[in-house]
Amino acid sequence: MLIPEGGSCFELEIKKSRFISEVTPAGSPAEAREILKSKRREHPDAAHVVHAFITGAERQHMGMSDDGEPSGTSGKPALEVLKGRGVTNLMLTIVRYFGGTKLGTGGLVRAYSEAARGALDRLKTVPLVTYTSFRIKADYSFYQPLSATAGIHECRIETESFGTAVEIEGLVPEEKADAFKAAVTSLSSGRAEINVGSENQTVILE
């Protein structure tokens, strides 16, 4: 599964109608709605601001709107283009400035599909990484090597506390969790207490 690395933009003109398509990262339906509001503010004179979005690690949240265009001619074809790309956590908006000539239902489907493809073709993506939480408790003498090991395994440190022992909490990529746990156990000769994969798993969305 892929997610956007930044955004992208594409502009198309058909019979004097301008179609401005933009892809913006969005981690949730709520974020997608805020992006839509922002695009409408940016283009107050546009005839339509069509949108489609997909979010969630399993692409479980999808939505779209024709925004006044004939039903099924704009939002749906735009969403179909998104669904075919294997990308999640993105919002696609297509702004149309009407040029005075009606395109017909088939022409609208082709125009919005092409606008969607144009923006997606220009989009840079990165793999979606799922993280799981970890907690380490160890003697102070292990702090530096533990920090180095966490970096090697691409962990994200969230908190560190220094009481009678060092306690480190953070996130480790799921695919590296077993290797990270084994490395911590090895470098501490089993003296560091490590818990990996608690009930909470976090999907990093940005």
# chains A, B, ... in the order shown; residues from 1 in each chain; ligands from 1
call {"tool": "residues_around", "arguments": {"residues": "A:Thr105", "least_positions_apart": "2", "cutoff": "10 Å", "atoms": "only C-alpha atoms", "output": "list in words"}}
result
Glu69, Pro70, Ser71, Gly72, Thr73, Ser74, Lys102, Leu103, Gly107, Leu108, Val109, Arg110 and Ala111 of chain A
call {"tool": "select_by_dssp", "arguments": {"residues": "stretch 1-129 of chain A", "states": "strand (DSSP E or B)", "output": "ChimeraX atom specification"}}
result
/A:2-4,8-14,17-25,48-55,61-65,87,90-97,125-127
call {"tool": "closest_residue", "arguments": {"among": "A:Ala30, A:Ala183, A:Met64, A:Ile3", "to": "A:Leu123", "atoms": "only C-alpha atoms"}}
result
A:Ile3
call {"tool": "closest_residue", "arguments": {"among": "A:Leu2, A:Ala150, A:Ile168, A:Met91", "to": "A:Ser21", "atoms": "only C-alpha atoms"}}
result
A:Met91
call {"tool": "residues_around", "arguments": {"residues": "A:Glu31", "least_positions_apart": "4", "cutoff": "10 Å", "atoms": "only C-alpha atoms", "output": "MDAnalysis selection string"}}
result
chainID A and resid 24:27 35:37 55 89:91
call {"tool": "residues_around", "arguments": {"residues": "A:Leu12", "least_positions_apart": "4", "cutoff": "9 Å", "atoms": "only C-alpha atoms", "output": "PDB file with N, CA and C atoms, in the first residue's frame"}}
result
ATOM      1  N   SER A  17     -13.556  24.938 -21.075  1.00  0.00           N
ATOM      2  CA  SER A  17     -13.746  24.641 -19.656  1.00  0.00           C
ATOM      3  C   SER A  17     -12.400  24.228 -19.068  1.00  0.00           C
ATOM      4  N   ARG A  18     -12.031  24.836 -17.941  1.00  0.00           N
ATOM      5  CA  ARG A  18     -10.775  24.497 -17.252  1.00  0.00           C
ATOM      6  C   ARG A  18     -11.055  23.501 -16.140  1.00  0.00           C
ATOM      7  N   PHE A  19     -10.243  22.465 -16.081  1.00  0.00           N
ATOM      8  CA  PHE A  19     -10.323  21.465 -15.026  1.00  0.00           C
ATOM      9  C   PHE A  19      -8.985  21.483 -14.282  1.00  0.00           C
ATOM     10  N   ILE A  20      -9.019  21.862 -13.012  1.00  0.00           N
ATOM     11  CA  ILE A  20      -7.805  21.928 -12.192  1.00  0.00           C
ATOM     12  C   ILE A  20      -7.894  20.818 -11.147  1.00  0.00           C
ATOM     13  N   SER A  21      -7.074  19.797 -11.309  1.00  0.00           N
ATOM     14  CA  SER A  21      -7.116  18.665 -10.370  1.00  0.00           C
ATOM     15  C   SER A  21      -5.905  18.710  -9.446  1.00  0.00           C
ATOM     16  N   ALA A 111     -13.540  13.800 -19.260  1.00  0.00           N
ATOM     17  CA  ALA A 111     -12.790  14.960 -18.775  1.00  0.00           C
ATOM     18  C   ALA A 111     -12.350  14.771 -17.328  1.00  0.00           C
ATOM     19  N   GLU A 114      -9.718  11.997 -17.035  1.00  0.00           N
ATOM     20  CA  GLU A 114      -8.407  12.456 -17.500  1.00  0.00           C
ATOM     21  C   GLU A 114      -7.774  13.410 -16.502  1.00  0.00           C
ATOM     22  N   ALA A 115      -8.586  14.274 -15.908  1.00  0.00           N
ATOM     23  CA  ALA A 115      -8.061  15.204 -14.901  1.00  0.00           C
ATOM     24  C   ALA A 115      -7.539  14.448 -13.682  1.00  0.00           C
ATOM     25  N   GLY A 118      -4.287  12.685 -14.626  1.00  0.00           N
ATOM     26  CA  GLY A 118      -3.189  13.636 -14.767  1.00  0.00           C
ATOM     27  C   GLY A 118      -2.549  13.991 -13.446  1.00  0.00           C
TER      28      GLY A 118
END
call {"tool": "closest_residue", "arguments": {"among": "A:Ile194, A:Met1, A:Ala179, A:Ala46", "to": "A:Lys83", "atoms": "only C-alpha atoms"}}
result
A:Met1
call {"tool": "closest_residue", "arguments": {"among": "A:Pro145, A:Gly100, A:Pro127, A:Pro77", "to": "A:Ala192", "atoms": "only C-alpha atoms"}}
result
A:Pro145
call {"tool": "atom_distance", "arguments": {"atom1": "atom CA of A:Ala165", "atom2": "atom CA of A:Phe134"}}
result
16.2 Å
call {"tool": "atom_distance", "arguments": {"atom1": "atom CA of A:Tyr131", "atom2": "atom CA of A:Ala177"}}
result
8.6 Å
call {"tool": "select_by_dssp", "arguments": {"residues": "stretch 15-140 of chain A", "states": "alpha helix (DSSP H)", "output": "NGL selection string"}}
result
:A and (29-42 or 75-83 or 104-121)
call {"tool": "residues_around", "arguments": {"residues": "A:Arg156", "least_positions_apart": "5", "cutoff": "10 Å", "atoms": "only C-alpha atoms", "output": "number ranges by chain"}}
result
A: 131, 133-134, 150-151, 169-173
call {"tool": "residues_around", "arguments": {"residues": "A:Val81", "least_positions_apart": "3", "cutoff": "7 Å", "atoms": "only C-alpha atoms", "output": "PyMOL selection string"}}
result
chain A and resi 77-78+84-85+113+116-117
call {"tool": "write_last_selection", "arguments": {"atoms": "C-alpha atoms", "output": "PDB file, in the first residue's frame"}}
result
ATOM      1  CA  PRO A  77     -15.116   8.294 -12.355  1.00  0.00           C
ATOM      2  CA  ALA A  78     -12.598  10.252 -10.281  1.00  0.00           C
ATOM      3  CA  GLY A  84      -7.132   1.675  -9.459  1.00  0.00           C
ATOM      4  CA  ARG A  85      -3.867   3.142  -8.170  1.00  0.00           C
ATOM      5  CA  SER A 113     -11.221  10.811 -15.543  1.00  0.00           C
ATOM      6  CA  ALA A 116      -7.836  12.610 -12.134  1.00  0.00           C
ATOM      7  CA  ARG A 117      -5.243  10.547 -14.010  1.00  0.00           C
TER       8      ARG A 117
END
call {"tool": "atom_distance", "arguments": {"atom1": "atom CA of A:Phe180", "atom2": "atom CA of A:Asp139"}}
result
17.8 Å
call {"tool": "closest_residue", "arguments": {"among": "A:Thr125, A:Thr93, A:Ser147, A:Thr132", "to": "A:Glu34", "atoms": "only C-alpha atoms"}}
result
A:Thr93
